[in-house]
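Chemist: Handing you a structure now.
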There are 2 protein chains.
Amino acid sequence: MAGTATAQQIEAGATGYDAFALNCPSRRLIDTLGDKWVSLVVVALGIRGPLRYSELAAQIEGVSQKMLTQTLRGLERDGLVTRTVTPTVPLRVDYELTDLGRSLLVVLGHLKEWAELHMGAVDAARASYDATNAS
Amino acid sequence: MAGTATAQQIEAGATGYDAFALNCPSRRLIDTLGDKWVSLVVVALGIRGPLRYSELAAQIEGVSQKMLTQTLRGLERDGLVTRTVTPTVPLRVDYELTDLGRSLLVVLGHLKEWAELHMGAVDAARASYDATNAS
DNA sequence: CGGGATCCCCCGCGATACTG
DNA sequence: CAGTATCGCGGGGGATCCCG
């Protein structure tokens, strides 16, 4: 039944949130996903299942220790991933998506779908724009 | 219909994009939406229809001239909004979503839906996390 | 009215070194 | 192996001034 999303669907929430309020849920979600590494970690854990810290680091190319740890702490705090420490020697820490985190994959799937459908058009628009505005 | 999004749906794109590549469509879309003002401008134009520059500025509280202009230029470049100049005195400039821009509202609707369904759980998780990790 | 140009500050992030 | 602590810089973004 989700044919076209109208302005009303965007505007009228059941809870009446103001999309322009700084702490409205939508804003906060966008801020979270906007963080460069969040979606990568979520997708990695979604695709490959539970992963150790070093496996995540190896998989997500270019991420620094600091940012990976920081991102994971944030996700854990938000209830999107679980952190399991196995106190063997050497230490072992596994990260896994929670149900909540897994539900985020649905949203990321929608993003991915739009991107693959329309980013070509965006590229074309850019090329056209850059061409006419020859700087 | 799409019941649950699986890892396969996320992983396997028709075009075989690598979600971890820097310039894959999904990443670029997330980067775009991650920009603080982009979604606000898109939603504002989506809800209220065409708006003048000053109307946008009034509506999106806290945005500076620089960032509003910069955001609008980017959206115009990406083919998401049109910029129409009416050379009267004083000058009048109207911004409006393109069809492509309007299709982005669908995605933002999905984001909003997830946020309103689950951000409560995120808040609860945070409170719990902060309580146990009494710093 | 709708911007462009400039200055400047802040802090996010990477690199490095160290610890349980 | 899985982090924490510290330093340093680069650039994103606000404030301000000016122009068509």
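In the structure tokens, each chain is lettered A, B, ... as it comes, each chain's residues begin at 1, and ligands are numbered from 1 in order of appearance.
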Output as a tab-separated table one row per residue of chain C within 9 Å of chain B: the closest atom pair and its distance in Å to one decimal place, counting only C-alpha atoms (C1' of nucleotides), sorted by chain and residue number ascending.
Modeler:
```
residue	atom	partner	partner_atom	distance
C:DC1	C1'	B:Leu91	CA	5.3
C:DG2	C1'	B:Leu91	CA	7.1
C:DG3	C1'	B:Thr69	CA	7.6
```
Chemist: With C-alpha atoms (C1' of nucleotides) retained, could you export that selection as a PDB file, in the first residue's frame?
Modeler:
```pdb
ATOM      1  C1'  DC C   1      16.279  40.301  -1.012  1.00  0.00           C
ATOM      2  C1'  DG C   2      19.627  36.717  -1.873  1.00  0.00           C
ATOM      3  C1'  DG C   3      23.484  35.747  -1.693  1.00  0.00           C
TER       4       DG C   3
END
```
Chemist: Write out as a PDB file with all heavy atoms, in the first residue's frame every residue belonging to chain D that has an atom at most 10 Å from any atom of chain B, counting only C-alpha atoms (C1' of nucleotides).
Modeler:
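Saved the output as part-v5.pdb:
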```pdb
ATOM      1  P    DG D  13      29.600  21.142   8.241  1.00  0.00           P
ATOM      2  OP1  DG D  13      28.784  20.129   8.942  1.00  0.00           O
ATOM      3  OP2  DG D  13      29.493  21.307   6.780  1.00  0.00           O
ATOM      4  O5'  DG D  13      29.346  22.542   8.940  1.00  0.00           O
ATOM      5  C5'  DG D  13      29.418  22.639  10.354  1.00  0.00           C
ATOM      6  C4'  DG D  13      29.652  24.069  10.789  1.00  0.00           C
ATOM      7  O4'  DG D  13      30.930  24.537  10.328  1.00  0.00           O
ATOM      8  C3'  DG D  13      28.622  25.084  10.236  1.00  0.00           C
ATOM      9  O3'  DG D  13      28.058  25.779  11.310  1.00  0.00           O
ATOM     10  C2'  DG D  13      29.451  26.007   9.355  1.00  0.00           C
ATOM     11  C1'  DG D  13      30.806  25.907  10.023  1.00  0.00           C
ATOM     12  N9   DG D  13      31.903  26.309   9.161  1.00  0.00           N
ATOM     13  C8   DG D  13      32.117  25.942   7.857  1.00  0.00           C
ATOM     14  N7   DG D  13      33.187  26.468   7.334  1.00  0.00           N
ATOM     15  C5   DG D  13      33.717  27.244   8.360  1.00  0.00           C
ATOM     16  C6   DG D  13      34.871  28.053   8.391  1.00  0.00           C
ATOM     17  O6   DG D  13      35.692  28.257   7.488  1.00  0.00           O
ATOM     18  N1   DG D  13      35.039  28.658   9.635  1.00  0.00           N
ATOM     19  C2   DG D  13      34.196  28.510  10.718  1.00  0.00           C
ATOM     20  N2   DG D  13      34.514  29.172  11.838  1.00  0.00           N
ATOM     21  N3   DG D  13      33.112  27.750  10.694  1.00  0.00           N
ATOM     22  C4   DG D  13      32.935  27.156   9.496  1.00  0.00           C
ATOM     23  P    DG D  14      26.664  26.574  11.161  1.00  0.00           P
ATOM     24  OP1  DG D  14      25.598  25.781  11.787  1.00  0.00           O
ATOM     25  OP2  DG D  14      26.546  27.007   9.751  1.00  0.00           O
ATOM     26  O5'  DG D  14      26.906  27.883  12.049  1.00  0.00           O
ATOM     27  C5'  DG D  14      27.433  27.781  13.368  1.00  0.00           C
ATOM     28  C4'  DG D  14      28.121  29.075  13.746  1.00  0.00           C
ATOM     29  O4'  DG D  14      29.343  29.222  12.969  1.00  0.00           O
ATOM     30  C3'  DG D  14      27.299  30.342  13.495  1.00  0.00           C
ATOM     31  O3'  DG D  14      27.404  31.216  14.631  1.00  0.00           O
ATOM     32  C2'  DG D  14      27.919  30.948  12.245  1.00  0.00           C
ATOM     33  C1'  DG D  14      29.370  30.493  12.346  1.00  0.00           C
ATOM     34  N9   DG D  14      30.034  30.330  11.052  1.00  0.00           N
ATOM     35  C8   DG D  14      29.649  29.530  10.015  1.00  0.00           C
ATOM     36  N7   DG D  14      30.447  29.580   8.981  1.00  0.00           N
ATOM     37  C5   DG D  14      31.426  30.486   9.365  1.00  0.00           C
ATOM     38  C6   DG D  14      32.573  30.954   8.658  1.00  0.00           C
ATOM     39  O6   DG D  14      32.947  30.658   7.519  1.00  0.00           O
ATOM     40  N1   DG D  14      33.314  31.858   9.411  1.00  0.00           N
ATOM     41  C2   DG D  14      32.990  32.269  10.688  1.00  0.00           C
ATOM     42  N2   DG D  14      33.808  33.150  11.257  1.00  0.00           N
ATOM     43  N3   DG D  14      31.918  31.840  11.359  1.00  0.00           N
ATOM     44  C4   DG D  14      31.192  30.950  10.642  1.00  0.00           C
ATOM     45  P    DA D  15      26.419  32.517  14.753  1.00  0.00           P
ATOM     46  OP1  DA D  15      25.955  32.558  16.155  1.00  0.00           O
ATOM     47  OP2  DA D  15      25.425  32.497  13.656  1.00  0.00           O
ATOM     48  O5'  DA D  15      27.401  33.741  14.505  1.00  0.00           O
ATOM     49  C5'  DA D  15      28.736  33.701  14.987  1.00  0.00           C
ATOM     50  C4'  DA D  15      29.506  34.939  14.539  1.00  0.00           C
ATOM     51  O4'  DA D  15      30.233  34.659  13.324  1.00  0.00           O
ATOM     52  C3'  DA D  15      28.630  36.162  14.246  1.00  0.00           C
ATOM     53  O3'  DA D  15      29.234  37.333  14.808  1.00  0.00           O
ATOM     54  C2'  DA D  15      28.576  36.216  12.719  1.00  0.00           C
ATOM     55  C1'  DA D  15      29.902  35.592  12.316  1.00  0.00           C
ATOM     56  N9   DA D  15      29.844  34.876  11.037  1.00  0.00           N
ATOM     57  C8   DA D  15      28.870  34.004  10.641  1.00  0.00           C
ATOM     58  N7   DA D  15      29.067  33.492   9.440  1.00  0.00           N
ATOM     59  C5   DA D  15      30.256  34.070   9.032  1.00  0.00           C
ATOM     60  C6   DA D  15      31.012  33.946   7.850  1.00  0.00           C
ATOM     61  N6   DA D  15      30.662  33.156   6.829  1.00  0.00           N
ATOM     62  N1   DA D  15      32.150  34.660   7.755  1.00  0.00           N
ATOM     63  C2   DA D  15      32.504  35.456   8.785  1.00  0.00           C
ATOM     64  N3   DA D  15      31.876  35.661   9.945  1.00  0.00           N
ATOM     65  C4   DA D  15      30.747  34.927  10.000  1.00  0.00           C
ATOM     66  P    DG D  20      28.609  44.699  -7.561  1.00  0.00           P
ATOM     67  OP1  DG D  20      29.915  44.897  -8.206  1.00  0.00           O
ATOM     68  OP2  DG D  20      27.742  45.845  -7.232  1.00  0.00           O
ATOM     69  O5'  DG D  20      27.770  43.646  -8.438  1.00  0.00           O
ATOM     70  C5'  DG D  20      27.146  42.543  -7.815  1.00  0.00           C
ATOM     71  C4'  DG D  20      25.823  42.189  -8.472  1.00  0.00           C
ATOM     72  O4'  DG D  20      24.806  42.126  -7.428  1.00  0.00           O
ATOM     73  C3'  DG D  20      25.271  43.163  -9.485  1.00  0.00           C
ATOM     74  O3'  DG D  20      24.396  42.457 -10.370  1.00  0.00           O
ATOM     75  C2'  DG D  20      24.481  44.145  -8.616  1.00  0.00           C
ATOM     76  C1'  DG D  20      23.881  43.201  -7.555  1.00  0.00           C
ATOM     77  N9   DG D  20      23.697  43.788  -6.215  1.00  0.00           N
ATOM     78  C8   DG D  20      24.418  44.799  -5.623  1.00  0.00           C
ATOM     79  N7   DG D  20      24.008  45.080  -4.415  1.00  0.00           N
ATOM     80  C5   DG D  20      22.970  44.205  -4.185  1.00  0.00           C
ATOM     81  C6   DG D  20      22.145  44.038  -3.041  1.00  0.00           C
ATOM     82  O6   DG D  20      22.171  44.645  -1.977  1.00  0.00           O
ATOM     83  N1   DG D  20      21.223  43.033  -3.232  1.00  0.00           N
ATOM     84  C2   DG D  20      21.097  42.274  -4.373  1.00  0.00           C
ATOM     85  N2   DG D  20      20.154  41.357  -4.378  1.00  0.00           N
ATOM     86  N3   DG D  20      21.874  42.424  -5.447  1.00  0.00           N
ATOM     87  C4   DG D  20      22.775  43.391  -5.273  1.00  0.00           C
TER      88       DG D  20
END
```
Chemist: Which of chain B end up as strand (DSSP E) when DSSP is run on this backbone - answer as a list of chain:residue names?
Modeler: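 Restricting chain B to strand (DSSP E) produces B:Leu51, B:Arg52, B:Val81, B:Thr82, B:Arg83, B:Thr84, B:Val85, B:Thr86, B:Arg92, B:Val93, B:Asp94, B:Tyr95, B:Glu96, B:Leu97.
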Chemist: Could you list, as a PyMOL selection string, every residue within 12 Å of DG10 (chain D), counting only C-alpha atoms (C1' of nucleotides) and ignoring same-chain residues fewer than 6 positions away?
Modeler: chain C and resi 10-14
Chemist: So which residues of region 2-126 of chain A fall under helix (DSSP H, G or I) by DSSP, listed as a count of residues only?
Modeler: 74
